[in-house]
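Below is one structure, written out as structure tokens, with a few remarks after it.
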Amino acid sequence: MPLTCSQLSVRYGQRQALSSFELSLQKGEIRALIGPNGSGKSTALQALAGLITPADGHAAIKGMPVASMSRRAIARKLAFLPQQPSAPGEMTIAQLVRQGRFSHVGLFRSYVRRDEEAIEWALESTGLTSLADRTLQELSGGERQRAWISAALAQEAGILLLDEPTSFLDIGYQVEVLDLVHRLSREKGVTVVMAIHDINQAIAVSDRISLLEKGELRFDGKPRALAESGLIEKTFRVKGQFVEVGPDKPPHFDVELARALSPGV
Ligand SMILES: Nc1ncnc2c1ncn2[C@@H]1O[C@H](COP(=O)(O)OP(=O)(O)O)[C@@H](O)[C@H]1O
Ligand SMILES: [Mg+2]
């Protein structure tokens, strides 16, 4: 298994942010991580990436505990796009994406053709080739988001962890990013864990879904089973229903907006 974790618990001081989280991914699987704000999605991703030390349990890449691996060794196998990545505003897209490739370049080795190709491919896949020399501070939120996705792609890791990768993007780019993730999984066998807010996008793009609530894993299974569980309405405290939109298509969650649209009723 490319990525697993068991009994993973994370505490920030007294606060338990993640409790006995379990995850087991097949190669090429796309896993959506959903849950209300503060339910532990980012914490789970950071623990999987080896960026925070769990109070209990461990994450492992192909059976090897991430805690025992160097940052560079992890970076060769796993690319992580945080929810709020940061870099100096004067950095150009090209520099950011080159930096994404750094784990492949040995201490005394320079970028070889293979690396340049990966960088070019990463820029192209995110539609940034013509913007490569722009600095990060000269970009819109969506362009910056794509630059970070591009940097993660340049790593060419077999595991991709994405924390709300579509959050600043317009619907066109949201679909493009999800398509790209899907292609990487199906054509290159990349294993993906993605925190995502849009339930319907999660259902459409993922093989399995993990639902977190207050740091607890409430559900781990196929999108259709989640739709049938009634857990979406309960966990997010909304009214709505799943509707069938066609054969061979996953059901679509139709949220009721009545309460928001007619205040006081
Ligand atoms: N660095 C931190 N220090 C203290 N508490 C944190 C920190 N990061 C997150 N938390 C808390 O941990 C819980 C889970 O947060 P997070 O993993 O960011 O949730 P999500 O990504 O699902 O919104 C929340 O209660 C949040 O306030
Ligand atoms: Mg988060």
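Chain labels A, B, ... are given in the sequence in which chains occur in the structure tokens; within each chain residues are numbered consecutively from 1, and ligands are likewise numbered from 1 in the order shown.
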
Please, which residues have at least one atom within 10 Å of an atom of ligand 1, using only C-alpha atoms and all ligand atoms, listed as number ranges by chain?
-> A: 10-18, 33-47, 52, 82-83, 163-164, 195-197, 211-215

Do you know which residues are at most 10 Å from Gly141 in chain A counting only C-alpha atoms, after dropping those on the same chain fewer than 6 positions away, and could you put them as a ChimeraX atom specification?
-> /A:147,167-170

Take the residues from that selection and put them in a file with N, CA and C atoms, as an mmCIF file, in the first residue's frame.
data_model
loop_
_atom_site.group_PDB
_atom_site.id
_atom_site.type_symbol
_atom_site.label_atom_id
_atom_site.label_comp_id
_atom_site.auth_asym_id
_atom_site.auth_seq_id
_atom_site.Cartn_x
_atom_site.Cartn_y
_atom_site.Cartn_z
ATOM 1 N N ALA A 147 0.073 27.897 -9.434
ATOM 2 C CA ALA A 147 1.535 27.854 -9.347
ATOM 3 C C ALA A 147 1.964 26.833 -8.287
ATOM 4 N N SER A 167 -9.823 25.721 -3.825
ATOM 5 C CA SER A 167 -10.573 26.720 -3.064
ATOM 6 C C SER A 167 -10.557 28.135 -3.646
ATOM 7 N N PHE A 168 -9.475 28.544 -4.305
ATOM 8 C CA PHE A 168 -9.454 29.926 -4.822
ATOM 9 C C PHE A 168 -9.742 30.000 -6.314
ATOM 10 N N LEU A 169 -10.137 28.886 -6.877
ATOM 11 C CA LEU A 169 -10.245 28.837 -8.336
ATOM 12 C C LEU A 169 -11.670 29.057 -8.823
ATOM 13 N N ASP A 170 -11.791 29.667 -10.003
ATOM 14 C CA ASP A 170 -13.119 29.758 -10.606
ATOM 15 C C ASP A 170 -13.519 28.361 -11.075
#

Would you please work out which residue, of A:Ser185, A:Gln241, A:Ser140, A:Gln95, is nearest to Lys27 in chain A when using only C-alpha atoms?
->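 The answer is A:Ser185, which sits nearest to Lys27 in chain A.
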
Kindly indicate which residue among A:Ser20, A:Ser206, A:Gln84, A:Thr4 lies nearest to ligand 2, using only C-alpha atoms and all ligand atoms for the distances.
->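 So, comparing all the options, the nearest one is A:Gln84.
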
Looking only at the backbone, which of the residues in range 164-252 of chain A does DSSP tag as alpha helix (DSSP H), as a compact mmCIF listing (two decimals) with C-alpha atoms, in the first residue's frame?
# COMPACT_ATOMS: atom_id res chain seq x y z
CA ILE A 171 -15.32 26.87 -11.68
CA GLY A 172 -13.40 26.43 -14.95
CA TYR A 173 -10.08 25.92 -13.20
CA GLN A 174 -11.72 23.83 -10.48
CA VAL A 175 -12.80 21.36 -13.13
CA GLU A 176 -9.37 21.52 -14.76
CA VAL A 177 -7.57 20.74 -11.52
CA LEU A 178 -9.94 17.86 -10.74
CA ASP A 179 -9.50 16.53 -14.28
CA LEU A 180 -5.75 16.73 -13.90
CA VAL A 181 -5.88 14.87 -10.59
CA HIS A 182 -8.07 12.23 -12.21
CA ARG A 183 -5.68 11.84 -15.17
CA LEU A 184 -2.65 11.57 -12.88
CA SER A 185 -4.38 8.84 -10.95
CA ARG A 186 -5.61 6.85 -13.94
CA GLU A 187 -2.70 7.34 -16.33
CA LYS A 188 0.25 7.52 -13.96
CA ILE A 199 -19.42 17.41 -1.63
CA ASN A 200 -20.42 16.87 -5.24
CA GLN A 201 -16.89 17.31 -6.51
CA ALA A 202 -15.70 14.88 -3.82
CA ILE A 203 -18.30 12.36 -4.90
CA ALA A 204 -17.59 12.82 -8.61
CA VAL A 205 -13.83 12.56 -8.52
CA PRO A 223 -19.18 7.81 -2.49
CA ARG A 224 -22.52 6.12 -3.10
CA ALA A 225 -22.51 4.54 0.35
CA LEU A 226 -21.84 7.96 1.85
CA ALA A 227 -24.78 9.38 -0.08
CA GLU A 228 -26.99 6.66 1.31
CA SER A 229 -25.73 7.01 4.89
CA LEU A 231 -24.21 11.47 7.27
CA ILE A 232 -23.81 14.54 5.05
CA GLU A 233 -27.01 16.12 6.32
CA LYS A 234 -26.17 15.18 9.90
CA THR A 235 -22.52 16.18 9.96
CA PHE A 236 -22.90 19.47 8.14

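Among the candidate residues A:Ile209, A:Leu162, A:Ala94, A:Ala49, the one lying nearest to Ile149 in chain A is A:Leu162, with distances computed using only C-alpha atoms.
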